[in-house]
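Structure file input_23.cif (mmCIF, C-alpha atoms) follows.
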```cif
data_input
loop_
_atom_site.label_atom_id
_atom_site.label_comp_id
_atom_site.auth_asym_id
_atom_site.auth_seq_id
_atom_site.Cartn_x
_atom_site.Cartn_y
_atom_site.Cartn_z
CA MET A 1 0.00 0.00 0.00
CA ASN A 2 1.15 3.51 -0.83
CA VAL A 3 0.30 5.16 2.50
CA LEU A 4 1.15 8.87 2.82
CA GLY A 5 1.13 8.95 6.61
CA ILE A 6 -1.32 11.87 6.68
CA TYR A 7 -4.29 11.39 8.97
CA TYR A 8 -7.76 12.85 9.33
CA PRO A 9 -8.46 15.55 10.53
CA GLN A 10 -5.01 17.13 9.98
CA LYS A 11 -4.92 20.14 7.65
CA GLU A 12 -2.43 18.24 5.50
CA TRP A 13 -5.06 15.50 5.06
CA TYR A 14 -7.48 17.99 3.51
CA ASP A 15 -4.77 19.59 1.38
CA ALA A 16 -3.50 16.25 0.04
CA ARG A 17 -6.98 15.33 -1.24
CA ILE A 18 -7.27 18.36 -3.54
CA GLY A 19 -7.71 17.21 -7.13
CA LEU A 20 -8.12 13.55 -6.15
CA VAL A 21 -11.13 11.27 -6.47
CA THR A 22 -11.42 9.94 -2.93
CA SER A 23 -13.80 7.43 -1.38
CA SER A 24 -16.12 10.22 -0.20
CA LYS A 25 -16.31 11.64 -3.76
CA VAL A 26 -16.34 8.48 -5.84
CA HIS A 27 -20.11 7.85 -5.79
CA ASP A 28 -20.84 11.24 -7.35
CA ALA A 29 -17.90 10.89 -9.75
CA ILE A 30 -19.20 7.65 -11.24
CA SER A 31 -22.91 8.50 -11.20
CA LYS A 32 -24.09 7.98 -14.74
CA ARG A 33 -26.16 10.43 -16.71
CA GLN A 34 -29.93 10.06 -16.81
CA LYS A 35 -31.01 7.42 -19.32
CA GLY A 36 -31.05 8.96 -22.77
CA GLY A 37 -29.59 12.23 -21.49
CA THR A 38 -26.42 14.04 -22.49
CA HIS A 39 -25.85 16.17 -19.39
CA ASP A 40 -24.20 15.24 -16.11
CA LEU A 41 -26.29 14.63 -13.05
CA ALA A 42 -26.21 17.69 -10.79
CA ALA A 43 -24.06 15.95 -8.17
CA ARG A 44 -21.46 14.92 -10.77
CA ARG A 45 -21.32 18.39 -12.33
CA ASN A 46 -21.09 20.01 -8.89
CA LEU A 47 -18.24 17.70 -7.94
CA LYS A 48 -16.29 18.75 -11.04
CA MET A 49 -16.72 22.43 -10.20
CA GLN A 50 -15.87 21.86 -6.54
CA MET A 51 -12.67 19.99 -7.45
CA ILE A 52 -11.64 22.63 -10.02
CA SER A 53 -12.24 25.43 -7.52
CA GLU A 54 -10.01 23.63 -5.02
CA MET A 55 -7.34 23.08 -7.69
CA LEU A 56 -7.34 26.78 -8.61
CA THR A 57 -7.43 28.20 -5.08
CA GLY A 58 -5.67 25.55 -3.00
CA LEU A 59 -8.56 25.82 -0.56
CA THR A 60 -10.74 22.85 0.30
CA THR A 61 -14.51 23.17 0.19
CA GLU A 62 -15.99 23.49 3.66
CA HIS A 63 -18.74 21.08 4.62
CA TYR A 64 -21.22 21.30 7.47
CA VAL A 65 -20.20 19.26 10.52
CA SER A 66 -22.94 18.53 13.05
CA ALA A 67 -22.55 17.63 16.71
CA ALA A 68 -23.46 14.03 15.84
CA MET A 69 -20.69 13.92 13.23
CA ASP A 70 -18.18 15.30 15.74
CA TRP A 71 -19.26 12.62 18.21
CA GLY A 72 -18.74 9.95 15.57
CA VAL A 73 -15.19 11.14 14.87
CA GLU A 74 -14.41 11.13 18.60
CA GLN A 75 -15.69 7.57 18.97
CA GLU A 76 -13.77 6.09 16.04
CA PRO A 77 -10.64 5.17 18.09
CA ASN A 78 -12.91 3.52 20.67
CA ALA A 79 -14.64 1.58 17.91
CA ARG A 80 -11.27 0.34 16.61
CA ALA A 81 -10.27 -0.76 20.10
CA GLU A 82 -13.60 -2.53 20.64
CA TYR A 83 -13.29 -4.29 17.28
CA GLN A 84 -9.83 -5.54 18.27
CA PHE A 85 -11.18 -6.78 21.62
CA ARG A 86 -14.13 -8.60 20.08
CA THR A 87 -12.29 -10.17 17.12
CA GLY A 88 -8.80 -10.63 18.54
CA ARG A 89 -7.36 -8.99 15.42
CA SER A 90 -4.77 -6.22 15.41
CA VAL A 91 -5.79 -3.01 13.62
CA GLU A 92 -3.45 -0.30 12.34
CA GLN A 93 -4.78 3.17 11.64
CA LEU A 94 -4.40 4.24 8.03
CA GLY A 95 -3.84 7.67 6.56
CA ILE A 96 -4.41 8.57 2.94
CA VAL A 97 -3.66 5.65 0.62
CA MET A 98 -2.92 6.43 -3.02
CA HIS A 99 -4.39 4.22 -5.73
CA PRO A 100 -1.72 1.80 -7.04
CA THR A 101 -1.99 2.96 -10.68
CA ASN A 102 -4.05 6.18 -10.77
CA PRO A 103 -2.17 9.19 -9.30
CA ARG A 104 -5.40 11.20 -9.04
CA ALA A 105 -7.22 8.66 -6.87
CA ALA A 106 -6.98 7.94 -3.15
CA ALA A 107 -8.91 6.75 -0.11
CA THR A 108 -8.71 6.69 3.67
CA ALA A 109 -9.89 3.44 5.22
CA ASP A 110 -10.50 3.45 8.98
CA GLY A 111 -8.06 0.67 9.69
CA TRP A 112 -5.83 -2.02 8.21
CA VAL A 113 -6.27 -5.56 9.49
CA ALA A 114 -3.07 -7.22 8.31
CA PRO A 115 -2.45 -8.83 5.97
CA ASN A 116 -5.54 -8.55 3.76
CA GLY A 117 -8.40 -6.65 5.42
CA ILE A 118 -9.55 -3.10 6.10
CA LEU A 119 -12.23 -1.45 8.21
CA GLU A 120 -14.98 1.06 7.49
CA ILE A 121 -16.25 2.42 10.81
CA LYS A 122 -19.47 4.33 11.43
CA CYS A 123 -20.55 5.72 14.79
CA PRO A 124 -24.03 6.98 13.93
CA GLU A 125 -27.06 8.17 15.87
CA THR A 126 -28.56 5.40 18.00
CA TYR A 127 -31.69 5.03 15.84
CA THR A 128 -29.51 4.64 12.73
CA HIS A 129 -27.31 2.07 14.47
CA LEU A 130 -30.44 0.11 15.40
CA GLU A 131 -31.57 0.20 11.77
CA TYR A 132 -28.23 -1.30 10.77
CA LEU A 133 -28.62 -4.01 13.42
CA ALA A 134 -32.13 -4.80 12.23
CA SER A 135 -31.06 -5.18 8.59
CA GLY A 136 -27.79 -6.96 9.29
CA GLN A 137 -26.49 -5.63 5.99
CA ILE A 138 -24.13 -2.91 4.81
CA PRO A 139 -26.21 0.13 3.79
CA SER A 140 -26.10 0.45 0.01
CA GLU A 141 -24.91 4.08 0.18
CA TYR A 142 -21.56 2.89 1.59
CA LEU A 143 -20.76 0.16 -0.93
CA ASP A 144 -19.06 2.43 -3.48
CA GLN A 145 -17.02 4.00 -0.68
CA ILE A 146 -15.90 0.57 0.56
CA ASN A 147 -15.13 -0.77 -2.91
CA TRP A 148 -13.04 2.32 -3.68
CA GLN A 149 -11.08 1.93 -0.45
CA MET A 150 -10.31 -1.66 -1.43
CA ALA A 151 -9.28 -0.52 -4.92
CA CYS A 152 -6.90 2.10 -3.53
CA CYS A 153 -5.43 -0.18 -0.87
CA GLY A 154 -4.43 -2.64 -3.57
CA PRO A 155 -5.20 -6.15 -4.83
CA GLU A 156 -3.92 -7.75 -1.62
CA ILE A 157 -6.99 -6.45 0.23
CA GLU A 158 -9.57 -9.25 0.10
CA TRP A 159 -12.23 -7.99 2.48
CA CYS A 160 -13.57 -5.02 4.41
CA ASP A 161 -15.43 -5.24 7.70
CA PHE A 162 -18.19 -2.64 7.98
CA VAL A 163 -18.44 -1.65 11.65
CA SER A 164 -21.26 0.28 13.29
CA TYR A 165 -20.62 1.23 16.92
CA ASP A 166 -22.73 2.92 19.59
CA PRO A 167 -21.47 2.67 23.19
CA ARG A 168 -24.50 4.59 24.46
CA ILE A 169 -26.54 1.37 24.30
CA GLU A 170 -26.39 -0.40 27.66
CA ALA A 171 -26.54 -3.94 26.26
CA ASP A 172 -22.98 -4.85 25.24
CA ASP A 173 -24.09 -7.27 22.54
CA LEU A 174 -26.00 -4.49 20.77
CA GLN A 175 -23.22 -1.91 20.77
CA MET A 176 -21.40 -3.21 17.70
CA LEU A 177 -22.35 -4.60 14.32
CA ILE A 178 -19.72 -6.20 12.07
CA VAL A 179 -20.59 -7.13 8.48
CA ARG A 180 -17.96 -8.41 6.06
CA HIS A 181 -17.78 -7.30 2.43
CA GLU A 182 -15.71 -9.52 0.15
CA ARG A 183 -13.65 -8.02 -2.67
CA ASP A 184 -15.63 -7.61 -5.89
CA GLU A 185 -13.07 -7.42 -8.70
CA LYS A 186 -15.69 -6.84 -11.38
CA ARG A 187 -17.19 -3.84 -9.59
CA ILE A 188 -13.77 -2.41 -8.72
CA ALA A 189 -12.63 -2.63 -12.36
CA GLU A 190 -15.86 -0.93 -13.47
CA MET A 191 -15.37 1.85 -10.94
CA GLU A 192 -11.75 2.37 -11.99
CA ASP A 193 -12.84 2.79 -15.61
CA LEU A 194 -15.60 5.25 -14.65
CA VAL A 195 -13.25 7.27 -12.45
CA GLY A 196 -10.79 7.42 -15.34
CA GLU A 197 -13.55 8.83 -17.58
CA PHE A 198 -14.51 11.36 -14.92
CA LEU A 199 -10.92 12.56 -14.55
CA VAL A 200 -10.52 12.99 -18.31
CA GLU A 201 -13.68 15.11 -18.34
CA LEU A 202 -12.47 17.04 -15.29
CA ILE A 203 -9.17 18.00 -16.94
CA GLN A 204 -10.96 18.89 -20.18
CA LEU A 205 -13.31 21.21 -18.26
CA PHE A 206 -10.37 22.68 -16.37
CA GLU A 207 -8.60 23.48 -19.66
CA GLN A 208 -11.83 24.86 -21.13
CA ILE A 209 -12.19 27.25 -18.20
CA LYS A 210 -8.58 28.39 -18.60
CA ARG A 211 -9.05 28.94 -22.35
CA GLY A 212 -12.19 30.94 -21.65
CA ALA A 213 -10.27 33.20 -19.28
CA LYS A 214 -7.53 33.74 -21.88
CA GLY A 215 -10.13 34.49 -24.51
CA GLN A 216 -11.60 37.46 -22.68
CA THR A 217 -12.18 40.57 -24.78
CA LEU A 218 -10.12 43.69 -24.25
CA GLU A 219 -13.22 45.30 -22.81
CA SER A 220 -13.76 42.63 -20.15
CA LYS A 221 -10.07 42.62 -19.19
CA LEU A 222 -10.04 46.41 -18.90
CA ARG A 223 -13.23 46.43 -16.86
CA GLU A 224 -11.73 43.95 -14.40
CA SER A 225 -8.43 45.87 -14.26
CA ILE A 226 -10.28 49.10 -13.37
CA ARG A 227 -12.27 47.27 -10.73
CA GLN A 228 -9.10 46.02 -9.08
CA ALA A 229 -7.48 49.48 -9.19
CA ARG A 230 -10.50 51.51 -8.05
CA GLY A 231 -12.42 48.97 -5.99
CA LYS A 232 -15.48 49.10 -8.24
CA TYR A 233 -16.46 48.42 -11.83
CA PRO A 234 -16.41 51.43 -14.21
CA SER A 235 -19.55 52.88 -15.76
CA ASP A 236 -20.06 52.42 -19.50
CA ASP A 237 -18.94 56.01 -20.14
CA GLU A 238 -15.78 55.56 -18.08
CA LEU A 239 -15.02 52.31 -19.89
CA ARG A 240 -15.45 53.93 -23.32
CA ALA A 241 -13.12 56.74 -22.27
CA GLU A 242 -10.45 54.27 -21.16
CA LEU A 243 -10.79 52.30 -24.39
CA GLY A 244 -10.56 55.50 -26.39
CA SER A 245 -7.39 56.55 -24.61
CA LEU A 246 -5.84 53.19 -25.45
CA GLU A 247 -6.61 53.72 -29.12
CA GLY A 248 -5.48 57.38 -29.11
CA THR A 249 -8.98 58.81 -29.46
CA ILE A 250 -12.06 59.03 -27.29
CA VAL A 251 -14.77 56.66 -28.45
CA PRO A 252 -17.88 58.75 -29.26
#
```

I need this file expressed as structure tokens, please.
Amino acid sequence: MNVLGIYYPQKEWYDARIGLVTSSKVHDAISKRQKGGTHDLAARRNLKMQMISEMLTGLTTEHYVSAAMDWGVEQEPNARAEYQFRTGRSVEQLGIVMHPTNPRAAATADGWVAPNGILEIKCPETYTHLEYLASGQIPSEYLDQINWQMACCGPEIEWCDFVSYDPRIEADDLQMLIVRHERDEKRIAEMEDLVGEFLVELIQLFEQIKRGAKGQTLESKLRESIRQARGKYPSDDELRAELGSLEGTIVP
């Protein structure tokens, strides 16, 4: 595994993910267009623009973090420890792991169970945890995330244990759910192809935006230059006067 040694929630963790298709982005990246349509789904288009904005500014997009989400982050080390206690397996925390062949793809699994397993840990609200217990299955919305983590961690990873943990429940046997997901080579290969297509489109859009900026008219460039110098955009009369002075005459 190509592990960078950068861990959530360090600033470097956020910075290192700029321009990469990560496990939290991959579902939107591979979402196909509506049947018969030619335009991206809104989530896929928004992801492209979000990633390009981060690439151009070096600033990551801020996302809302609720108290429940903060609690889940705080409980993750406890969930790892409880998993080790219940299974007898040793777990190593993982930072960002780069995809073995795609330099613009990465993931952060919640633990490595040597030699061939990883963890995906959730510490949700109690009612959500109980829903997971009742179904006994991995929620479908996490399958792409898990498959992408396995893709990035390499072909030696054969399984991922999905873990839901809630220590607020008094009954010990109800505090943790563990469901194993076996490696699905067919789905991983499909996702890798779709991510490759997304990244090609992303770079094409990035270049298109840059060409559009270079193709600005003299008028638009001058208007922006005046705005930066004076703190406001010029009126049409002021702009015509500036253009006229550039040409040696005042535009009537």

Excluding range 125-139 of chain A and residues on its chain fewer than 3 positions from it, collect all residues at most 10 Å away from it, counting all atoms listed in the file, and give them as a PyMOL selection string.
-> chain A and resi 68-69+71-72+122+142-143+146+161-169+174-181

Env of range 187-202 of chain A: 7 Å cut, atoms = all atoms listed in the file, seq-sep filter 3 positions within chain, self excluded. Answer as a PDB file with C-alpha atoms, in the frame of the given file.
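Printed below is selection.pdb as written:
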```
ATOM      1  CA  ALA A  29     -17.900  10.890  -9.750  1.00  0.00           C
ATOM      2  CA  ILE A  30     -19.200   7.650 -11.240  1.00  0.00           C
ATOM      3  CA  LYS A  48     -16.290  18.750 -11.040  1.00  0.00           C
ATOM      4  CA  ASN A 147     -15.130  -0.770  -2.910  1.00  0.00           C
ATOM      5  CA  TRP A 148     -13.040   2.320  -3.680  1.00  0.00           C
ATOM      6  CA  ALA A 151      -9.280  -0.520  -4.920  1.00  0.00           C
ATOM      7  CA  ASP A 184     -15.630  -7.610  -5.890  1.00  0.00           C
ATOM      8  CA  LEU A 205     -13.310  21.210 -18.260  1.00  0.00           C
ATOM      9  CA  PHE A 206     -10.370  22.680 -16.370  1.00  0.00           C
TER      10      PHE A 206
END
```

Around (-4.1, 2.3, 5.2) in the file's own coordinates, what residues are found within 6 Å if you use all atoms listed in the file, given back as a ChimeraX atom specification?
-> /A:3,94-95,97,109,112

Among listed residues A:Leu59, A:Ile6, A:Leu41, A:Met49, nearest Ile203 in chain A (using all atoms listed in the file) = A:Met49

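Rounded to one decimal, CA of Asn2 in chain A and CA of Glu156 in chain A lie 12.4 Å from each other.
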
Point out the residue among A:Ala107, A:Ala67, A:Val26, A:Cys160 with the least atom-to-atom distance to Tyr14 in chain A, counting all atoms listed in the file.
-> A:Ala107
